[in-house]
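This report concerns only the one structure given below.
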Amino acid sequence: MQKNKQQSQNYQSFGLNRTMSFPSENRKKGAPRWSDIWLNHTKPLNHMLLSMNLDSLSSSPKSGKTLIPIFSIIDPTLLLSDELLLRILSKLPDSQSNSNSLVCKRWLNLQGRLIRSIRILDFNFLLSGRFIHRFPNLNHVDLVSGCLTSPPSSAIFLTHRVISMHIDSSCSSNWCFCEDNMLPVGVIDDGLNALASGCPNLRRLHVIGASELGLLSVAEECSTLQELELQKCSDKVLRGIAACTNLQILKLVGNVQGFYNSVVSDIGLTILAQGCKRLVKLELSGCEGSFDGIKAIGKCCQMLEEFTFCDHRMDDGWMAALSYCENLKTLRFQSCKTIDSNPGLDEYLGYCPALERLHLQKCQLRDKKSTAAMFSVCRAAREIIIHDCWGLDNSIFSFAIICRRVKKLYLEGCSLLTTEGLEFVIHSWKELQSLRVVSCKNIKDSEISPALGTLFTTLQDLTWRPDTKSLLPSSLVEIGIGKKGGKFFKRT
């Protein structure tokens with residue numbers, strides 16, 4: 001009886017009802033259960049905890065000891081400073097970041113400080129100011145998807161190599177989908193102003209449809225900006241990019257068929273060359289221009305090491321200007337219908353003395369004069385990669401003989417090239433060390449000559465898979481290529 005009275009007094013101090021029963025008592029039928037009391041009690045849990053007698057956990061002021069806050073007992077991480085908790089959260093894997101932000105508001109804010117890269121889908125989030133407050137330490141922001149307005153409940157998804165978007169089935173008949181589904185230029189510029197003022201340490205930015213005023217605000221506030229991708233670019237817009245003096249990587253998208261029409265000409269390329277003199281990588285996609293524009297880039301951007309042309313619309317004779325890019329190391333052509341329809345006389349072409357890599361992907365190489373001029377300009381290349389290009393037959397590939405310093409050759413998807421055409425070229429490359437042949441159906445194992453088989457044994461790296469059923473002839477078994485693992489080996 002004495003024990004039950006003591007328990008009753010203790011529980012009254014917690015704000016609980018005296019009539020509660022305990023598991024140790026013989027509970028009568030119909031008596032309240034613990035679960036019923038817990039769920040139906042009118043006083044909240046916080047009030048109960050604040051009513052607890054914590055003399056056993058915290059000392060009185062007379063003892064000289066520090067009192068332990070009640071909330072620190074509930075959440076021990078409250079005893080950690082923001083700096084220390086940030087260091088702990090930064091050590092956790094990225095896959096756990098979303099779960100961390102759901103713990104509490106404090107963890108949500110701290111997790112936002114660790115985010116460095118983000119892609120915005122709702123532009124209003126940026127304009128409201130909550131974006132900067134939520135993610136104050138960003139250095140990479142992608143605004144392309146946020147600048148496009150997606151129709152509600154659209155079941156049509158249109159995608160391209162550089163852009164993807166939802167479209168409405170009742171769109172206009174001009175077949176330029178971005179023109180009808182893009183935010184106004186003023187709204188995009190306002191978002192860039194907010195982003196520039198809130199993220200002064202921004203290093204990478206992707207945006208579409210901006211004007212020179214919005215880009216000028218980014219250039220003025222974000223002095224550390226190093227990489228920029230600008231879609232729907234024009235000559236006028238490039239005046240804003242020219243103010244980004246520390247820019248090193250730039251991708252300009254002028255025209256994308258079916259999405260938007262924009263023009264980048266020699267005027268814009270010259271403005272760009274005079275302002276962004278520290279460029280290391282430059283990609284021109286859907287851009288126009290000529291000899292003068294490329295020459296200006298070569299003369300002014302002397303640090304340029306990688307130059308990419310994608311679906312270009314250059315005038316005839318532009319390729320001779322590549323010789324002014326004296327430090328160019330990598331030259332890429334992607335999805336180009338032609339390289340240069342009229343490159344001019346060979347004595348005026350010149351070449352790139354520091355070039356190391358020539359990369360061709362999904363290009364039309366049917367024009368002999370154009371392809372011959374390209375290989376002549378790239379005669380110093382040490383690595384040639386040709387991937388899924390149309391028109392590359394034996395006669396076209398024979399122009400590559402001029403590239404005497406090639407050490408690596410990668411061929412994939414070249415269905416017109418035969419074993420004879422391949423052998424004719426690579427026998428003239430005395431420094432060849434690596435060869436990769438994949439999905440070239442006209443290159444047959446049965447046509448491999450003893451001289452070509454001997455050449456294979458001198459290579460340091462060989463990948464031979466011209467088709468899925470490729471088998472080397474029995475005459476080459478003794479040299480080891482036909483054995484297990486022989487098609488993929490590295491010479492040590």
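Chain labels A, B, ... are given in the sequence in which chains occur in the structure tokens; within each chain residues are numbered consecutively from 1, and ligands are likewise numbered from 1 in the order shown.
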As a PyMOL selection string, please: the residues near range 132-144 of chain A (cut-off 10 Å, only C-alpha atoms, same-chain neighbours under 3 positions excluded).
chain A and resi 108-123+125-129+147-148+163-165+182+188+191-192+194-209+222+224-225+227-231
Discussion item. When DSSP is applied to the backbone of this structure, which of range 331-455 of chain A are assigned helix (DSSP H, G or I)? Write them out as a ChimeraX atom specification.
Written reply: /A:346-348,368-377,394-402,419-426,445-447,450-455
| said: Calculated over only C-alpha atoms, which of the candidates A:Thr418, A:Thr308, A:Ser150, A:Ser90 has the smallest distance to Leu360 in chain A? | reply: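 Between A:Thr418, A:Thr308, A:Ser150, A:Ser90, the residue approaching Leu360 in chain A most closely is A:Thr308.
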Per residue of range 182-244 of chain A within 10 Å of range 285-303 of chain A, which atom pair is closest and at what distance in Å (one decimal), using only C-alpha atoms, listed by chain and increasing number, as a tab-separated table?
residue	atom	partner	partner_atom	distance
A:Gln231	CA	A:Ser285	CA	9.2
A:Lys232	CA	A:Gly286	CA	9.7
A:Cys233	CA	A:Cys287	CA	8.9
A:Ser234	CA	A:Cys287	CA	9.0
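Look at Glu420 in chain A: the protein and nucleic acid residues within 9 Å of it, using only C-alpha atoms and passing over chain neighbours fewer than 5 places away, are A:Asn394, A:Val425, A:Ile443, A:Glu447, A:Ile448.
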